[in-house]
Amino acid sequence: MSAQLHIPGVNDLSNDKTTSFPLNQWYIAALSSEVDQQPLGRTLLNHPVVMFRDSSGDIYAIEDRCCHRSLPLSSGTVEAKGIRCGYHGMLYNGSGQCIEIPGQAMVPAKARVGAYTVQEKDGFIWMWFGSKGNHAPLVDAPSYPIHGDSRYVWGGDVFHYEAPYQLIHDNLLDLSHVGYVHQKTIGGTPSIHMNADMKTTGDDVSVQVVRYMRDSLPPPTYTSAYPFGGKIDRWAEIDFQPTHIKIWTGGVDAGSADLTDPSRGGFHMRGFHGITPETETTSHYIWSIATNPVSDPQGTLASVVAQTKYTFEEDKVVIEDQYQNMLRFKDKPMISIHVDAGANRARRIMEKLRTFDR
Amino acid sequence: MSAQLHIPGVNDLSNDKTTSFPLNQWYIAALSSEVDQQPLGRTLLNHPVVMFRDSSGDIYAIEDRCCHRSLPLSSGTVEAKGIRCGYHGMLYNGSGQCIEIPGQAMVPAKARVGAYTVQEKDGFIWMWFGSKGNHAPLVDAPSYPIHGDSRYVWGGDVFHYEAPYQLIHDNLLDLSHVGYVHQKTIGGTPSIHMNADMKTTGDDVSVQVVRYMRDSLPPPTYTSAYPFGGKIDRWAEIDFQPTHIKIWTGGVDAGSADLTDPSRGGFHMRGFHGITPETETTSHYIWSIATNPVSDPQGTLASVVAQTKYTFEEDKVVIEDQYQNMLRFKDKPMISIHVDAGANRARRIMEKLRTFDR
Amino acid sequence: MSAQLHIPGVNDLSNDKTTSFPLNQWYIAALSSEVDQQPLGRTLLNHPVVMFRDSSGDIYAIEDRCCHRSLPLSSGTVEAKGIRCGYHGMLYNGSGQCIEIPGQAMVPAKARVGAYTVQEKDGFIWMWFGSKGNHAPLVDAPSYPIHGDSRYVWGGDVFHYEAPYQLIHDNLLDLSHVGYVHQKTIGGTPSIHMNADMKTTGDDVSVQVVRYMRDSLPPPTYTSAYPFGGKIDRWAEIDFQPTHIKIWTGGVDAGSADLTDPSRGGFHMRGFHGITPETETTSHYIWSIATNPVSDPQGTLASVVAQTKYTFEEDKVVIEDQYQNMLRFKDKPMISIHVDAGANRARRIMEKLRTFDR
């Protein structure tokens, strides 16, 4: 029933025949809004990367070092043609080629750093770290049309985790924890969450978990955003992909709608969760939350984003504590319970992709 | 004359045939007052433990992890029947057995964590970490009747040390340092401390050091608690056991009493010092101080506890600096001087117990 | 063209046949003003040292540990005859010999710690860490007469770097970075710095770099200290020795003087830069700056010292960022450009001295 997690410091990986992360995937590197006039430095899958825009707003990502003295380019300045190092002024274009060494007539061809495949879509910057044998992405980065849907408003943020990315997968694929961890926002009655109707499906590269909780007390985030009459019927639809998870949750007045119908009304929260390894033991969590305001779109959005942030900060405490405790108890097995079906399925997908990508 | 200390990072322990700590001993785990409605998590002899009480106040100690996702149980909540994990609500009793998995009918027998032998006595919680071959304690945890003696009032606290437990033993068995380190509280004339009458005795599992200092100026802690007429005669009786040290110090007006008579009057400080390894290189120092108030018991107690705390904070600075310097100078020998007789005897006892417990 | 840097964590040093640092050299240990009534503890070339003065002001340097319990002597107190440990009062003279154990009649000969060869000159304390086969310095510590020259006023400070000493050498031998890094103080036009007339000379144990920049805008530090009429001609004369670098910079009104004449007027900054390894990966930067005030010597000095400190704090950010990035990109080569001639020459000298000193 259980699926093993391979995590450095917890299990012995010395005989591991796999890569640390699936490589032939599009990963979320940043929110579009994080990169404007200033460059953004961020380590992704152990690659220190600097992202910047040229004068037409196009996005580029290259190694975050100057090939001269190894200074991070992310502490340099962005110009029309590229990014200039802050130590001796060497200028690099978006392909990683140095195109100017102040005071020196010739720029040697070897004066260059690596470049990454990058795409910007629907408010996210995606990056590809394909393995050597299969570098080029065969498909475009995924789109997320909700960000352009006029029925919704959305906001987002980036969290840094001192924990491996797999533990964030576990957390999001098993929403039964919501009643225990998130009483102040999206919680509600713990026992109803632990006893939800739950169905898990999937294929080689995705997992779907659908949960219904009927006749439930609406939690604070719901009542502050929507005029519910009393008890509600809640749904949670989780769609796991190897680099990101979409979660559509919401509620309607109890008995007022068919929960399985995507056109159901009520209060909606549509989360996008980009989970990108920084290293084997640390992670970036790049997320957005969209909601369908009844009135006062900006007020509703501000409230939903603030409460989502509070909720994710609660998850961060739990997950980082969990990881520290896994390190303390590294030889002890972990058992699975009924709520882990989706998380275990996702773990098996990730293990297979790590082996395949080698 | 000297006795070697074996400390990781200072001496090479790669050929060490002993355990890190004597195991078949009762260790102080906490002050009773530290565990009430909330659970208490603490690592003791490398074991992460959570302590909690049931509805009748009885104390339990089990492994500080949930067997499901490895969260620390110490961040959960205490209920009448046990402790509930804060992630998915699994409930554990005092034997470490999971007795409820919300939403799941059956609780598998393997859903359990380890439990520890624990006893509560006279305001302390004691714990036993006996080695596998000889797990069961043959004797009860020690009692400390001073805490129930109506002539005394007492208080206590817990310090965390970034230093191995043996250095705290050294410090407490050699009170000649008092004049140099504790001028603002219990110090007095340094030379009188370094020249005290000192007698060291003991057996296979204990060391006694008795020190008399006559015609000494009373130090600040003494004069603020007791109306001395002028110079005083001081005594210090130190009783070392492998897991704790009792120290009875005090003073009478010079020449007014037989210092060797336990019924001597004057000002008394009776310290109990539980020194419990957290790891090989860090320690818990769990202490109480009792005094015999002439008047205003609560005022006297508050003053004596505050000055003791100040004194122990001075020791902590010295001992942590000492350990850092031992690490910097790891190949350099340390020599013994006349005041080290008790400390060296205690080191030899600890070495023997570590070998025996293997 | 490039010269390899050997830095732990960046290159593999496992087959390194050299010492970590040139040993048969006089290193700057402190500013004289750092050692007065209090002892000064500092780790130099991996040696933890305590410096103190006797009653006549003479300076001594011995191992920073008591041979009894290994406490740092630098947390003790200085007396007329030596330094007394703060734990049990053992007193050491400037040769490292213990000369008093309070309460003990005999002081064993082995109660001693190591002593270092030390000299005080012109406001600096110099120390010698000669290798075993060639311990005694054959020459005196260098003098720095500028500190006693009535035309100049001077001040100084000590910075701690989380970076290897070689990166500070690189920075000071290549002043072309001034225009990019120090716009708020000594910068000016970046392109003029990158295109300066530059000449590099030297021998087996020194490097000289001379740079002239004509018709340059005077930067803030210059205009706040000297009444320039408009554009200026600037010079920079850098003299590298293995343990310290002297840099004489300054400017005159454009066209008003022969820049190559040492008696040129205008505004002068004469820097002394003692670069002393703390460990292989951390450094002390002990510096002074002298200037020739036109009027208001103390006001001019305060301004020049404050702006120099600000300038060096900018360098510290760059160099520490550089080192962290070298660790992140440890397998990536660094290329040299036209401005690196002096720095590369100095690297080769240091490599040879490290091999020779073995």
# chains A, B, ... in the order shown; residues from 1 in each chain; ligands from 1
call {"tool": "interface_residues", "arguments": {"of": "chain C", "to": "chain B", "cutoff": "12 Å", "atoms": "only C-alpha atoms", "output": "compact mmCIF listing (two decimals) with all heavy atoms, in the first residue's frame"}}
result
# COMPACT_ATOMS: atom_id res chain seq x y z
N GLY C 41 41.64 38.27 21.29
CA GLY C 41 41.71 36.93 20.73
C GLY C 41 41.40 36.97 19.24
O GLY C 41 40.45 37.63 18.82
N THR C 43 41.97 34.42 15.47
CA THR C 43 42.55 33.26 14.78
C THR C 43 43.24 33.74 13.51
O THR C 43 42.65 34.43 12.69
CB THR C 43 41.47 32.22 14.45
OG1 THR C 43 40.95 31.70 15.68
CG2 THR C 43 42.04 31.07 13.64
N ASN C 46 44.88 29.80 10.91
CA ASN C 46 44.38 28.65 11.67
C ASN C 46 44.91 28.57 13.11
O ASN C 46 44.57 27.60 13.81
CB ASN C 46 44.68 27.32 10.97
CG ASN C 46 43.82 27.10 9.75
OD1 ASN C 46 42.67 27.53 9.72
ND2 ASN C 46 44.38 26.45 8.73
N HIS C 47 45.71 29.53 13.55
CA HIS C 47 46.19 29.54 14.93
C HIS C 47 45.33 30.46 15.79
O HIS C 47 45.35 31.67 15.57
CB HIS C 47 47.63 30.06 15.00
CG HIS C 47 48.64 29.22 14.31
ND1 HIS C 47 49.54 28.43 14.99
CD2 HIS C 47 48.90 29.02 12.99
CE1 HIS C 47 50.32 27.79 14.13
NE2 HIS C 47 49.95 28.13 12.90
N PRO C 48 44.62 29.91 16.79
CA PRO C 48 43.93 30.82 17.72
C PRO C 48 44.95 31.46 18.67
O PRO C 48 45.66 30.76 19.39
CB PRO C 48 42.98 29.89 18.48
CG PRO C 48 42.95 28.60 17.70
CD PRO C 48 44.29 28.51 17.03
N VAL C 49 45.01 32.78 18.64
CA VAL C 49 46.06 33.53 19.34
C VAL C 49 45.40 34.54 20.27
O VAL C 49 44.34 35.06 19.95
CB VAL C 49 46.94 34.27 18.29
CG1 VAL C 49 47.86 35.27 18.96
CG2 VAL C 49 47.70 33.28 17.43
N GLU C 63 49.27 31.14 22.52
CA GLU C 63 48.09 30.34 22.19
C GLU C 63 46.90 30.77 23.05
O GLU C 63 47.06 30.99 24.25
CB GLU C 63 48.37 28.86 22.50
CG GLU C 63 49.00 28.08 21.38
CD GLU C 63 49.12 26.60 21.78
OE1 GLU C 63 49.92 26.30 22.68
OE2 GLU C 63 48.42 25.78 21.18
N ASP C 64 45.73 30.82 22.44
CA ASP C 64 44.55 31.31 23.16
C ASP C 64 43.83 30.18 23.90
O ASP C 64 42.65 29.91 23.64
CB ASP C 64 43.60 32.02 22.19
CG ASP C 64 42.51 32.78 22.92
OD1 ASP C 64 42.61 32.92 24.16
OD2 ASP C 64 41.56 33.24 22.26
N ARG C 65 44.55 29.54 24.83
CA ARG C 65 43.91 28.49 25.63
C ARG C 65 44.67 28.34 26.94
O ARG C 65 45.89 28.52 27.00
CB ARG C 65 43.92 27.14 24.90
CG ARG C 65 45.30 26.55 24.75
CD ARG C 65 45.30 25.17 24.13
NE ARG C 65 46.67 24.76 23.94
CZ ARG C 65 47.33 23.92 24.77
NH1 ARG C 65 46.71 23.40 25.81
NH2 ARG C 65 48.58 23.61 24.56
N CYS C 66 43.94 28.01 27.97
CA CYS C 66 44.56 27.62 29.23
C CYS C 66 44.87 26.12 29.12
O CYS C 66 44.05 25.34 28.62
CB CYS C 66 43.61 27.90 30.39
SG CYS C 66 44.27 27.38 31.98
N CYS C 67 46.05 25.72 29.59
CA CYS C 67 46.44 24.32 29.44
C CYS C 67 45.72 23.41 30.44
O CYS C 67 45.84 22.19 30.37
CB CYS C 67 47.95 24.16 29.59
SG CYS C 67 48.55 24.58 31.24
N HIS C 68 44.93 24.01 31.34
CA HIS C 68 44.20 23.22 32.34
C HIS C 68 42.88 22.71 31.77
O HIS C 68 42.76 21.54 31.44
CB HIS C 68 43.97 24.11 33.58
CG HIS C 68 43.07 23.50 34.62
ND1 HIS C 68 42.11 24.23 35.29
CD2 HIS C 68 42.99 22.24 35.10
CE1 HIS C 68 41.50 23.43 36.15
NE2 HIS C 68 41.99 22.22 36.05
N ARG C 69 41.92 23.60 31.54
CA ARG C 69 40.62 23.15 31.04
C ARG C 69 40.33 23.65 29.63
O ARG C 69 39.21 23.55 29.15
CB ARG C 69 39.50 23.61 31.98
CG ARG C 69 39.43 22.85 33.30
CD ARG C 69 39.29 21.35 33.10
NE ARG C 69 38.80 20.68 34.30
CZ ARG C 69 39.12 19.44 34.63
NH1 ARG C 69 39.97 18.74 33.90
NH2 ARG C 69 38.62 18.89 35.72
N SER C 70 41.33 24.26 29.01
CA SER C 70 41.24 24.69 27.61
C SER C 70 40.38 25.92 27.39
O SER C 70 39.99 26.22 26.27
CB SER C 70 40.74 23.55 26.72
OG SER C 70 41.17 23.74 25.40
N LEU C 71 40.08 26.68 28.45
CA LEU C 71 39.33 27.91 28.24
C LEU C 71 40.16 28.90 27.42
O LEU C 71 41.37 28.94 27.53
CB LEU C 71 39.02 28.55 29.60
CG LEU C 71 37.57 29.03 29.71
CD1 LEU C 71 36.65 27.82 29.84
CD2 LEU C 71 37.38 30.00 30.84
N PRO C 72 39.51 29.73 26.58
CA PRO C 72 40.27 30.78 25.89
C PRO C 72 40.82 31.78 26.90
O PRO C 72 40.07 32.31 27.73
CB PRO C 72 39.23 31.45 24.98
CG PRO C 72 37.95 30.73 25.16
CD PRO C 72 38.09 29.70 26.21
N LEU C 73 42.11 32.04 26.83
CA LEU C 73 42.70 33.06 27.70
C LEU C 73 42.18 34.45 27.35
O LEU C 73 42.17 35.35 28.19
CB LEU C 73 44.23 33.03 27.61
CG LEU C 73 44.87 31.77 28.21
CD1 LEU C 73 46.37 31.75 27.94
CD2 LEU C 73 44.59 31.69 29.71
N SER C 74 41.72 34.63 26.12
CA SER C 74 41.23 35.95 25.71
C SER C 74 39.98 36.36 26.48
O SER C 74 39.60 37.53 26.45
CB SER C 74 40.97 35.99 24.21
OG SER C 74 40.09 34.97 23.83
N SER C 75 39.32 35.43 27.20
CA SER C 75 38.22 35.86 28.07
C SER C 75 38.71 36.06 29.50
O SER C 75 37.90 36.25 30.40
CB SER C 75 37.05 34.87 28.00
OG SER C 75 37.48 33.56 28.30
N GLY C 76 40.01 36.02 29.72
CA GLY C 76 40.58 36.28 31.04
C GLY C 76 40.93 37.76 31.20
O GLY C 76 40.42 38.62 30.49
N THR C 77 41.83 38.05 32.16
CA THR C 77 42.17 39.45 32.46
C THR C 77 43.68 39.64 32.40
O THR C 77 44.46 38.74 32.73
CB THR C 77 41.69 39.82 33.87
OG1 THR C 77 42.11 38.79 34.78
CG2 THR C 77 40.18 39.94 33.93
N ARG C 84 45.62 36.26 33.03
CA ARG C 84 45.09 35.31 34.00
C ARG C 84 43.80 34.69 33.46
O ARG C 84 42.90 35.39 33.02
CB ARG C 84 44.80 36.01 35.32
CG ARG C 84 44.50 35.05 36.47
CD ARG C 84 44.26 35.76 37.79
NE ARG C 84 45.43 36.42 38.38
CZ ARG C 84 46.38 35.80 39.10
NH1 ARG C 84 46.30 34.50 39.32
NH2 ARG C 84 47.39 36.48 39.59
N CYS C 85 43.72 33.34 33.50
CA CYS C 85 42.54 32.64 33.03
C CYS C 85 41.33 32.97 33.90
O CYS C 85 41.44 33.06 35.12
CB CYS C 85 42.79 31.12 33.04
SG CYS C 85 41.36 30.16 32.48
N GLY C 86 40.16 33.10 33.29
CA GLY C 86 38.95 33.46 34.02
C GLY C 86 38.23 32.31 34.69
O GLY C 86 37.19 32.52 35.30
N TYR C 87 38.77 31.09 34.59
CA TYR C 87 38.07 29.94 35.18
C TYR C 87 38.65 29.60 36.56
O TYR C 87 37.93 29.58 37.55
CB TYR C 87 38.17 28.75 34.23
CG TYR C 87 37.08 27.69 34.34
CD1 TYR C 87 37.05 26.60 33.46
CD2 TYR C 87 36.07 27.76 35.30
CE1 TYR C 87 36.06 25.62 33.54
CE2 TYR C 87 35.08 26.78 35.38
CZ TYR C 87 35.08 25.71 34.51
OH TYR C 87 34.11 24.75 34.60
N HIS C 88 39.99 29.36 36.64
CA HIS C 88 40.60 29.01 37.92
C HIS C 88 41.82 29.87 38.23
O HIS C 88 42.62 29.54 39.11
CB HIS C 88 41.01 27.53 37.94
CG HIS C 88 39.86 26.60 37.74
ND1 HIS C 88 39.47 26.19 36.50
CD2 HIS C 88 39.02 26.02 38.63
CE1 HIS C 88 38.42 25.38 36.62
NE2 HIS C 88 38.12 25.26 37.89
N GLY C 89 41.98 30.95 37.47
CA GLY C 89 42.99 31.94 37.84
C GLY C 89 44.43 31.62 37.49
O GLY C 89 45.35 32.27 37.99
N MET C 90 44.70 30.67 36.61
CA MET C 90 46.09 30.40 36.25
C MET C 90 46.66 31.58 35.46
O MET C 90 46.00 32.12 34.58
CB MET C 90 46.19 29.08 35.47
CG MET C 90 46.01 27.88 36.40
SD MET C 90 45.79 26.28 35.53
CE MET C 90 47.40 26.05 34.80
N CYS C 98 52.99 29.09 32.32
CA CYS C 98 52.15 29.38 33.49
C CYS C 98 53.08 29.70 34.64
O CYS C 98 54.03 28.96 34.93
CB CYS C 98 51.26 28.17 33.81
SG CYS C 98 50.27 28.44 35.30
N GLU C 100 51.70 30.91 37.78
CA GLU C 100 50.98 30.83 39.05
C GLU C 100 49.75 29.95 38.89
O GLU C 100 48.97 30.12 37.94
CB GLU C 100 50.54 32.23 39.52
CG GLU C 100 49.86 32.20 40.88
CD GLU C 100 49.15 33.53 41.21
OE1 GLU C 100 49.51 34.56 40.61
OE2 GLU C 100 48.21 33.49 42.02
N ILE C 101 49.60 28.96 39.82
CA ILE C 101 48.36 28.19 39.92
C ILE C 101 47.82 28.45 41.31
O ILE C 101 48.36 27.93 42.29
CB ILE C 101 48.61 26.68 39.71
CG1 ILE C 101 49.19 26.40 38.32
CG2 ILE C 101 47.31 25.89 39.91
CD1 ILE C 101 49.55 24.94 38.06
N PRO C 102 46.81 29.29 41.45
CA PRO C 102 46.34 29.65 42.80
C PRO C 102 46.03 28.42 43.63
O PRO C 102 45.35 27.49 43.17
CB PRO C 102 45.08 30.47 42.52
CG PRO C 102 45.31 31.07 41.18
CD PRO C 102 46.05 30.01 40.41
N GLY C 103 46.53 28.40 44.85
CA GLY C 103 46.26 27.30 45.77
C GLY C 103 47.18 26.11 45.60
O GLY C 103 47.05 25.11 46.31
N GLN C 104 48.11 26.18 44.64
CA GLN C 104 49.02 25.05 44.40
C GLN C 104 50.46 25.57 44.47
O GLN C 104 50.80 26.54 43.80
CB GLN C 104 48.72 24.43 43.03
CG GLN C 104 49.60 23.23 42.69
CD GLN C 104 49.11 22.48 41.43
OE1 GLN C 104 47.92 22.25 41.26
NE2 GLN C 104 50.04 22.11 40.58
N ALA C 105 51.28 24.91 45.29
CA ALA C 105 52.63 25.43 45.54
C ALA C 105 53.50 25.35 44.28
O ALA C 105 54.18 26.31 43.91
CB ALA C 105 53.29 24.65 46.68
N MET C 106 53.49 24.22 43.62
CA MET C 106 54.36 23.99 42.48
C MET C 106 53.62 24.24 41.16
O MET C 106 52.49 23.81 40.99
CB MET C 106 54.83 22.53 42.46
CG MET C 106 55.71 22.13 43.62
SD MET C 106 57.40 22.76 43.36
CE MET C 106 57.91 21.78 41.92
N VAL C 107 54.30 24.87 40.23
CA VAL C 107 53.77 24.98 38.87
C VAL C 107 54.59 24.06 37.97
O VAL C 107 55.78 24.29 37.79
CB VAL C 107 53.86 26.42 38.34
CG1 VAL C 107 53.33 26.48 36.91
CG2 VAL C 107 53.08 27.37 39.23
N PRO C 108 54.00 22.99 37.46
CA PRO C 108 54.79 22.08 36.62
C PRO C 108 55.27 22.78 35.34
O PRO C 108 54.58 23.65 34.82
CB PRO C 108 53.83 20.94 36.29
CG PRO C 108 52.46 21.46 36.57
CD PRO C 108 52.59 22.56 37.57
N ALA C 109 56.45 22.36 34.87
CA ALA C 109 57.01 22.98 33.67
C ALA C 109 56.11 22.79 32.46
O ALA C 109 56.03 23.64 31.57
CB ALA C 109 58.40 22.39 33.38
N LYS C 110 55.40 21.67 32.43
CA LYS C 110 54.54 21.41 31.27
C LYS C 110 53.28 22.30 31.27
O LYS C 110 52.51 22.27 30.29
CB LYS C 110 54.14 19.93 31.23
CG LYS C 110 53.21 19.52 32.36
CD LYS C 110 52.66 18.12 32.20
CE LYS C 110 51.76 17.80 33.41
NZ LYS C 110 51.10 16.52 33.33
N ALA C 111 53.09 23.06 32.32
CA ALA C 111 51.95 23.97 32.34
C ALA C 111 52.28 25.20 31.50
O ALA C 111 52.62 26.27 32.01
CB ALA C 111 51.60 24.36 33.78
N ARG C 112 52.23 25.03 30.21
CA ARG C 112 52.59 26.12 29.31
C ARG C 112 51.86 25.96 27.98
O ARG C 112 51.43 24.87 27.61
CB ARG C 112 54.09 26.18 29.09
CG ARG C 112 54.71 24.92 28.48
CD ARG C 112 56.15 25.19 28.08
NE ARG C 112 56.14 26.19 27.02
CZ ARG C 112 56.79 27.35 27.05
NH1 ARG C 112 57.54 27.65 28.07
NH2 ARG C 112 56.70 28.21 26.06
N VAL C 113 51.78 27.03 27.27
CA VAL C 113 51.20 27.01 25.92
C VAL C 113 52.19 27.66 24.97
O VAL C 113 53.18 28.28 25.41
CB VAL C 113 49.83 27.73 25.87
CG1 VAL C 113 48.81 27.01 26.73
CG2 VAL C 113 49.97 29.20 26.26
N GLY C 114 51.97 27.55 23.68
CA GLY C 114 52.90 28.08 22.70
C GLY C 114 52.92 29.60 22.67
O GLY C 114 51.95 30.26 23.07
N THR C 279 41.35 31.38 8.15
CA THR C 279 41.39 29.96 7.79
C THR C 279 41.55 29.93 6.27
O THR C 279 41.70 30.98 5.64
CB THR C 279 40.07 29.25 8.15
OG1 THR C 279 39.03 29.80 7.32
CG2 THR C 279 39.70 29.47 9.61
call {"tool": "residues_around", "arguments": {"residues": "C:Ser150", "least_positions_apart": "6", "cutoff": "12 Å", "atoms": "only C-alpha atoms", "output": "MDAnalysis selection string"}}
result
chainID C and resid 290:293 297
call {"tool": "residues_around", "arguments": {"residues": "A:Phe312", "least_positions_apart": "4", "cutoff": "12 Å", "atoms": "only C-alpha atoms", "output": "PyMOL selection string"}}
result
chain A and resi 156-161+168+171-172+178+181-182+184-186+271+273+285-289+305-308+316-320
call {"tool": "write_last_selection", "arguments": {"atoms": "N, CA and C atoms", "output": "CSV table (one decimal), in the first residue's frame"}}
result
chain,number,residue,atom,x,y,z
A,156,GLY,N,-1.1,35.6,-6.4
A,156,GLY,CA,-0.2,34.5,-6.1
A,156,GLY,C,1.0,34.9,-5.3
A,157,ASP,N,1.9,34.0,-5.0
A,157,ASP,CA,3.1,34.3,-4.2
A,157,ASP,C,4.1,33.1,-4.3
A,158,VAL,N,5.2,33.3,-3.8
A,158,VAL,CA,6.3,32.2,-3.8
A,158,VAL,C,6.8,32.0,-2.4
A,159,PHE,N,6.7,30.7,-2.0
A,159,PHE,CA,7.3,30.3,-0.7
A,159,PHE,C,8.5,29.5,-0.9
A,160,HIS,N,9.4,29.6,0.0
A,160,HIS,CA,10.6,28.7,0.0
A,160,HIS,C,10.5,27.7,1.1
A,161,TYR,N,10.7,26.4,0.8
A,161,TYR,CA,10.6,25.4,1.8
A,161,TYR,C,11.9,24.7,2.1
A,168,ILE,N,5.6,18.2,-0.3
A,168,ILE,CA,4.5,19.1,-0.7
A,168,ILE,C,3.5,18.4,-1.6
A,171,ASN,N,1.2,16.5,0.7
A,171,ASN,CA,0.3,17.3,1.4
A,171,ASN,C,-0.9,17.7,0.6
A,172,LEU,N,-0.6,18.1,-0.7
A,172,LEU,CA,-1.7,18.6,-1.6
A,172,LEU,C,-2.6,17.5,-2.1
A,178,VAL,N,-7.0,19.0,6.1
A,178,VAL,CA,-7.5,20.3,6.2
A,178,VAL,C,-8.2,20.6,7.5
A,181,VAL,N,-5.4,21.0,10.3
A,181,VAL,CA,-4.3,22.0,10.2
A,181,VAL,C,-4.9,23.4,10.0
A,182,HIS,N,-6.0,23.5,9.3
A,182,HIS,CA,-6.4,24.8,8.8
A,182,HIS,C,-7.8,25.3,9.4
A,184,LYS,N,-8.5,27.8,11.1
A,184,LYS,CA,-8.8,29.2,11.0
A,184,LYS,C,-9.2,29.7,9.6
A,185,THR,N,-9.0,28.9,8.6
A,185,THR,CA,-9.3,29.4,7.2
A,185,THR,C,-10.3,28.4,6.5
A,186,ILE,N,-9.8,27.3,6.0
A,186,ILE,CA,-10.6,26.5,5.1
A,186,ILE,C,-11.0,25.2,5.8
A,271,GLY,N,-6.8,26.7,-7.3
A,271,GLY,CA,-5.4,26.9,-7.0
A,271,GLY,C,-4.5,26.2,-8.0
A,273,HIS,N,-0.5,25.1,-8.2
A,273,HIS,CA,0.6,24.9,-7.3
A,273,HIS,C,1.8,24.4,-8.0
A,285,TYR,N,7.8,26.9,-3.8
A,285,TYR,CA,6.4,26.6,-4.0
A,285,TYR,C,5.8,27.9,-4.5
A,286,ILE,N,5.5,27.8,-5.8
A,286,ILE,CA,5.1,29.0,-6.6
A,286,ILE,C,3.6,28.8,-6.9
A,287,TRP,N,2.7,29.6,-6.3
A,287,TRP,CA,1.3,29.3,-6.4
A,287,TRP,C,0.5,30.5,-6.8
A,288,SER,N,-0.7,30.2,-7.3
A,288,SER,CA,-1.7,31.2,-7.5
A,288,SER,C,-3.1,30.7,-7.0
A,289,ILE,N,-3.9,31.6,-6.7
A,289,ILE,CA,-5.3,31.2,-6.3
A,289,ILE,C,-6.3,32.1,-7.0
A,305,VAL,N,-6.7,35.7,-1.1
A,305,VAL,CA,-5.3,35.6,-1.2
A,305,VAL,C,-4.7,35.6,0.2
A,306,ALA,N,-5.1,36.5,1.1
A,306,ALA,CA,-4.5,36.6,2.4
A,306,ALA,C,-4.8,35.3,3.2
A,307,GLN,N,-6.0,34.7,3.1
A,307,GLN,CA,-6.3,33.5,3.8
A,307,GLN,C,-5.6,32.3,3.2
A,308,THR,N,-5.4,32.3,1.9
A,308,THR,CA,-4.7,31.2,1.3
A,308,THR,C,-3.2,31.3,1.8
A,316,LYS,N,3.4,24.9,5.6
A,316,LYS,CA,4.9,25.0,5.6
A,316,LYS,C,5.4,24.6,7.0
A,317,VAL,N,4.8,25.1,8.0
A,317,VAL,CA,5.3,24.7,9.4
A,317,VAL,C,5.2,23.2,9.5
A,318,VAL,N,4.0,22.6,9.1
A,318,VAL,CA,3.8,21.2,9.3
A,318,VAL,C,4.9,20.4,8.5
A,319,ILE,N,5.1,20.8,7.2
A,319,ILE,CA,6.0,20.0,6.3
A,319,ILE,C,7.4,20.2,6.7
A,320,GLU,N,7.8,21.4,7.1
A,320,GLU,CA,9.2,21.5,7.6
A,320,GLU,C,9.5,20.8,8.9
call {"tool": "residues_around", "arguments": {"residues": "A:Ala346", "least_positions_apart": "3", "cutoff": "12 Å", "atoms": "only C-alpha atoms", "output": "short mmCIF file (atom, residue, chain, number, x, y, z; two decimals) with C-alpha atoms, in the first residue's frame"}}
result
data_model
loop_
_atom_site.label_atom_id
_atom_site.label_comp_id
_atom_site.auth_asym_id
_atom_site.auth_seq_id
_atom_site.Cartn_x
_atom_site.Cartn_y
_atom_site.Cartn_z
CA SER A 2 2.81 2.38 0.88
CA ALA A 3 5.24 3.82 -1.66
CA GLN A 4 8.80 4.55 -0.58
CA LEU A 5 10.09 8.11 -0.61
CA GLN A 166 7.79 15.23 -2.51
CA LEU A 167 6.43 16.22 0.90
CA ILE A 168 4.53 19.10 -0.69
CA HIS A 169 3.03 16.66 -3.20
CA ASP A 170 1.92 14.42 -0.32
CA ASN A 171 0.30 17.34 1.44
CA LEU A 172 -1.67 18.59 -1.55
CA LEU A 173 -2.82 15.18 -2.74
CA ASP A 174 -4.26 14.35 0.66
CA THR A 200 -8.59 8.25 -6.98
CA THR A 201 -7.84 7.72 -10.68
CA GLY A 202 -4.92 8.48 -12.99
CA ASP A 203 -2.51 7.30 -15.65
CA ASP A 204 1.27 7.11 -16.14
CA VAL A 205 1.84 10.81 -15.68
CA SER A 206 -1.08 12.13 -13.68
CA VAL A 207 -3.30 11.46 -10.67
CA GLN A 208 -6.82 12.71 -10.03
CA VAL A 209 -8.39 12.72 -6.59
CA ILE A 238 -7.12 17.55 -7.38
CA ASP A 239 -5.19 17.08 -10.61
CA PHE A 240 -1.56 16.08 -10.10
CA GLN A 241 1.09 16.47 -12.84
CA PRO A 242 4.80 15.82 -12.15
CA THR A 243 5.69 19.51 -11.76
CA HIS A 244 2.45 21.11 -10.64
CA ILE A 245 -0.95 20.43 -9.13
CA ASP A 340 -2.89 8.16 1.05
CA ALA A 341 -4.07 6.54 -2.18
CA GLY A 342 -3.45 9.61 -4.33
CA ALA A 343 -0.14 10.53 -2.74
CA ILE A 349 4.95 8.19 -10.98
CA MET A 350 7.82 10.34 -9.75
CA GLU A 351 10.03 7.31 -9.07
CA LYS A 352 9.43 6.01 -12.58
CA LEU A 353 10.10 9.38 -14.20
#
